[in-house]
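These notes concern the structure reproduced below.
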Amino acid sequence: MQGNQQQAYDRGITIFSPDGRLYQVEYAREAVRRGSASVGVRTADGVVLAADRQTRSPLIEQSSIEKIHAVDDHVGIASAGHVADARQLVDIARRQAQVEQLRYDQPVSVESLTKEITDHIQQYTQTGGARPFGVALLVGGVLDGEPRLFETDPSGTPYEWQAVAIGGGRDDIQSYFEDEYRPEADLAGGIQLALTGLAEAEDEGLDPADVEVATVDVESEQFQTLSQEEVADHAEAADLGGETDE
Amino acid sequence: MSDEVGTPGTRDPYAPELGGFDGLGGDAGTDEDKVVSTGTTTVGISAADGVVVGTDRRASLGGRFVSNKNVVKVEQIHPTAVLTLVGSVGGAQSFIRTLRSEANLYETRRGESMSIDALATLAGNFARGGPFMAIHPILGGVDAEGEHVYSIDPAGGVLEDDYTVTGSGMQLATGTIEGNYDPDMTVEEAGTLAAKAVDAASERDTGSGNGFVLATVTDEGVDVEEFDAVDAAL
């Protein structure tokens, strides 16, 4: 009987358990943990987003695995968890960035954009008949010379970070960042920290070809995706180079 | 909360978040003999250390009957910005209330006040999309980028200038400012020039008169002074 009651709390998203938990939101966090990792690093020179996009078959076109998305000229989003859910949130972010231009004739701030997304995610934790988003996002960008990096989680809570990991291996990568993060690092240092962080979650080492990296630097305030060669160069500089490293 | 989950990206960027334009008649206040309008002369002048906005105090029915002699036609809508009431009084008052609440909401949400450029864009969107009728306000304000004076026309046109004049006395007042404007003038000097401009219009325009109101905007805030006669401000 106790067991049946316990089970019922995870049936509806709008039902609290007696100890005040929303099981569907916690299950959504589990869905994020099952995804491959994405990381974000903020440096004084800009923000770095990096994502592991290992493929399940060598025949799949790697470019079709979208984990990092341009949102506006000065903002990008990396995701972990359900890619399809991420696309919906990314589209909301893209629309909101343009609404800000239409409404105020100004680029949207990274903080406002993040909160618009998290407010939307939150609605799905309180609405009957819907399920929460099974995805976490990293929203990174630069506006007025200020680099910002935020995380969204399935409960709809925004967090701001200096360096953060979402998805599989999060705890290992995060504790690595906690040891290795240097606020004074330049953008290249940030990229290398992001790559070595992702490698922490890989037992068999990190293949640079499996990593997608994008930056928004303070000088240009433009979202840019790194080419495979550039990622490989940074991996080599960070002593990763594709070989087993652990 | 309803079962419908709103999609933020589909919000109408041309409408206010609070209230809205739906259900408001598009032809309210078109009969100028029955609707109180400001007639008006309002001037905005950008100075070296701030912005001044000066207005007369008359409300009239089509410029033929003075229906009020004590109108304050410039109101604060933002910590460092003011807007004038020009045209239909009902439309202008509603426009000011709408912009003020949007500016407040923006500031409480984001922890910083809206830039004057953003405020002007928002005002232009509302003027274009809304049922405010014949209004032609001046927006004057100061932000991190400096001093700004905008005219917002009834079709939503937003034009920035060093100085601008709207209302039925605009040609008379513009003539006074033209040639006497200096971008290096202080707010005190600009205030005197604004008073002269409104004075000239009050002499000859039947829609303008009954005194003077001067708003001074600096990076510290807004100060509004009322004068029963324009002479007192000269």
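In the structure tokens, the first chain shown is A, the next is B, and so on; residue numbers restart at 1 for each chain, and ligands run from 1 in the order shown.
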
Stretch 138-149 of chain B surroundings by only C-alpha atoms, 7 Å radius, close-in-sequence under 6 positions cut, as JSON, numbers by chain: {"B": [44, 45, 46, 50, 51, 53, 80, 81, 82, 83, 84, 115, 116, 160, 161, 162, 163, 217, 218, 219]}

For chain A against chain B, with a cut-off of 6 Å and counting only C-alpha atoms, what is the closest atom pair and its distance in Å to one decimal for every residue that makes the cut, ordered by chain and number, as CSV?
```
residue,atom,partner,partner_atom,distance
A:Ile92,CA,B:Gly9,CA,5.2
A:Arg95,CA,B:Gly9,CA,4.8
A:Gln96,CA,B:Gly9,CA,4.9
A:Val99,CA,B:Pro13,CA,5.7
A:Arg103,CA,B:Pro13,CA,5.0
A:Tyr104,CA,B:Ala118,CA,4.3
A:Asp105,CA,B:Ala118,CA,6.0
A:Thr127,CA,B:Asp3,CA,5.7
```

Two-atom distance - atom CA of B:Pro183, atom CA of B:Pro154 (Å):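 For atom CA of B:Pro183 relative to atom CA of B:Pro154, the distance reads 27.5 Å.
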
Gap from atom CA of A:Val48 to atom CA of A:Ala28 - Å, one decimal: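 That distance, rounded to one decimal, is 25.5 Å.
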
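Reported to one decimal place, the separation of atom CA of A:Ala238 from atom CA of A:Thr196 is 7.0 Å.
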
Shell around B:Ser101 at 12 Å using only C-alpha atoms, local window under 2 positions removed, as a PyMOL selection string: chain B and resi 16-19+76-78+94-99+103-108+114+119+122

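DSSP annotation of stretch 114-166 of chain B from backbone atoms: strand (DSSP E or B) residues are Ile135, Ile138, Leu139, Gly140, Gly141, Val142, Asp143, Gly146, Glu147, His148, Val149, Tyr150, Ser151, Ile152, Val158, Leu159, Glu160, Asp161, Tyr163, Thr164, Val165 and Thr166 of chain B.
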
Residues within 9 Å of A:Leu195, only C-alpha atoms, excluding chain neighbours under 6 positions, as a PyMOL selection string: chain A and resi 39+50-51+206+208+211+213+231+234-235+238+240

Let me see the file: selected residues, N, CA and C atoms, as a PDB file, in the first residue's frame.
```pdb
ATOM      1  N   VAL A  39      30.066  21.376 -21.704  1.00  0.00           N
ATOM      2  CA  VAL A  39      30.694  22.206 -20.676  1.00  0.00           C
ATOM      3  C   VAL A  39      30.733  23.658 -21.132  1.00  0.00           C
ATOM      4  N   ALA A  50      31.574  23.861 -25.084  1.00  0.00           N
ATOM      5  CA  ALA A  50      32.104  22.678 -25.758  1.00  0.00           C
ATOM      6  C   ALA A  50      31.182  21.502 -25.475  1.00  0.00           C
ATOM      7  N   ALA A  51      31.007  20.639 -26.474  1.00  0.00           N
ATOM      8  CA  ALA A  51      30.092  19.515 -26.325  1.00  0.00           C
ATOM      9  C   ALA A  51      30.701  18.251 -26.904  1.00  0.00           C
ATOM     10  N   LEU A 206      39.762  11.399 -25.127  1.00  0.00           N
ATOM     11  CA  LEU A 206      38.860  12.237 -25.912  1.00  0.00           C
ATOM     12  C   LEU A 206      39.396  12.367 -27.331  1.00  0.00           C
ATOM     13  N   PRO A 208      39.400  14.576 -30.423  1.00  0.00           N
ATOM     14  CA  PRO A 208      39.010  15.951 -30.745  1.00  0.00           C
ATOM     15  C   PRO A 208      37.970  16.010 -31.867  1.00  0.00           C
ATOM     16  N   VAL A 211      34.409  16.450 -30.695  1.00  0.00           N
ATOM     17  CA  VAL A 211      34.059  17.598 -29.854  1.00  0.00           C
ATOM     18  C   VAL A 211      33.682  18.799 -30.708  1.00  0.00           C
ATOM     19  N   VAL A 213      33.127  22.848 -30.502  1.00  0.00           N
ATOM     20  CA  VAL A 213      33.509  23.977 -29.636  1.00  0.00           C
ATOM     21  C   VAL A 213      33.053  25.284 -30.275  1.00  0.00           C
ATOM     22  N   VAL A 231      40.037  22.868 -33.190  1.00  0.00           N
ATOM     23  CA  VAL A 231      39.793  22.063 -31.992  1.00  0.00           C
ATOM     24  C   VAL A 231      40.957  21.104 -31.770  1.00  0.00           C
ATOM     25  N   HIS A 234      43.949  22.926 -30.306  1.00  0.00           N
ATOM     26  CA  HIS A 234      43.785  23.199 -28.878  1.00  0.00           C
ATOM     27  C   HIS A 234      43.930  21.915 -28.060  1.00  0.00           C
ATOM     28  N   ALA A 235      43.418  20.817 -28.603  1.00  0.00           N
ATOM     29  CA  ALA A 235      43.536  19.543 -27.889  1.00  0.00           C
ATOM     30  C   ALA A 235      45.001  19.152 -27.754  1.00  0.00           C
ATOM     31  N   ALA A 238      46.675  21.072 -25.192  1.00  0.00           N
ATOM     32  CA  ALA A 238      46.263  20.626 -23.859  1.00  0.00           C
ATOM     33  C   ALA A 238      46.708  19.194 -23.586  1.00  0.00           C
ATOM     34  N   LEU A 240      46.015  16.483 -25.230  1.00  0.00           N
ATOM     35  CA  LEU A 240      44.959  15.468 -25.375  1.00  0.00           C
ATOM     36  C   LEU A 240      45.206  14.645 -26.628  1.00  0.00           C
TER      37      LEU A 240
END
```

Which of stretch 58-127 of chain B fall in alpha helix (DSSP H), as a ChimeraX atom specification: /B:89-110,116-127

A:Pro132 environment, 12 Å, only C-alpha atoms, sequence neighbours closer than 4 positions dropped, as a ChimeraX atom specification: /A:12-14,22-32,82,85-86,89,118,120-128,136,153-156 /B:5

Counting only C-alpha atoms, the option among B:Gly20, B:Phe227, B:Ala134, B:Ala173 closest to B:Glu102: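 Selected residue with least distance to B:Glu102: B:Gly20.
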
Selected residue of minimal separation from A:Glu146 among A:Asp186, A:Asp233, A:Asp45, A:Glu180, counting only C-alpha atoms: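 Smallest separation from A:Glu146 among the options: A:Asp45.
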
Contacts of A:Ile173 within 7 Å, only C-alpha atoms, excl. fewer than 4 positions in-chain, as JSON, numbers by chain: {"A": [165, 169, 177, 197, 198, 200, 201]}

Take the residues from that selection and put them in a file with N, CA and C atoms, as a PDB file, in the first residue's frame.
```pdb
ATOM      1  N   ALA A 165      29.660  21.958 -15.941  1.00  0.00           N
ATOM      2  CA  ALA A 165      29.392  20.833 -16.831  1.00  0.00           C
ATOM      3  C   ALA A 165      27.954  20.380 -16.629  1.00  0.00           C
ATOM      4  N   GLY A 169      28.738  12.360 -16.620  1.00  0.00           N
ATOM      5  CA  GLY A 169      30.050  12.642 -16.053  1.00  0.00           C
ATOM      6  C   GLY A 169      30.153  14.011 -15.423  1.00  0.00           C
ATOM      7  N   PHE A 177      36.963  20.942 -12.788  1.00  0.00           N
ATOM      8  CA  PHE A 177      36.932  22.404 -12.972  1.00  0.00           C
ATOM      9  C   PHE A 177      37.218  23.132 -11.664  1.00  0.00           C
ATOM     10  N   GLY A 197      38.363  19.088 -19.492  1.00  0.00           N
ATOM     11  CA  GLY A 197      37.206  18.755 -18.651  1.00  0.00           C
ATOM     12  C   GLY A 197      36.379  17.654 -19.283  1.00  0.00           C
ATOM     13  N   LEU A 198      36.086  17.808 -20.573  1.00  0.00           N
ATOM     14  CA  LEU A 198      35.311  16.769 -21.263  1.00  0.00           C
ATOM     15  C   LEU A 198      36.061  15.438 -21.234  1.00  0.00           C
ATOM     16  N   GLU A 200      37.819  14.279 -18.943  1.00  0.00           N
ATOM     17  CA  GLU A 200      37.668  13.662 -17.625  1.00  0.00           C
ATOM     18  C   GLU A 200      36.556  12.629 -17.597  1.00  0.00           C
ATOM     19  N   ALA A 201      35.534  12.870 -18.415  1.00  0.00           N
ATOM     20  CA  ALA A 201      34.371  11.972 -18.399  1.00  0.00           C
ATOM     21  C   ALA A 201      34.545  10.803 -19.364  1.00  0.00           C
TER      22      ALA A 201
END
```

B:Glu225 surroundings by only C-alpha atoms, 7 Å radius, close-in-sequence under 5 positions cut, as a PyMOL selection string: chain B and resi 213-215

Expected file: the selected residues, C-alpha atoms, as an mmCIF file, in the first residue's frame:
```
data_model
loop_
_atom_site.group_PDB
_atom_site.id
_atom_site.type_symbol
_atom_site.label_atom_id
_atom_site.label_comp_id
_atom_site.auth_asym_id
_atom_site.auth_seq_id
_atom_site.Cartn_x
_atom_site.Cartn_y
_atom_site.Cartn_z
ATOM 1 C CA VAL B 213 6.187 74.060 -17.238
ATOM 2 C CA LEU B 214 9.860 73.168 -17.360
ATOM 3 C CA ALA B 215 11.222 69.658 -16.812
#
```
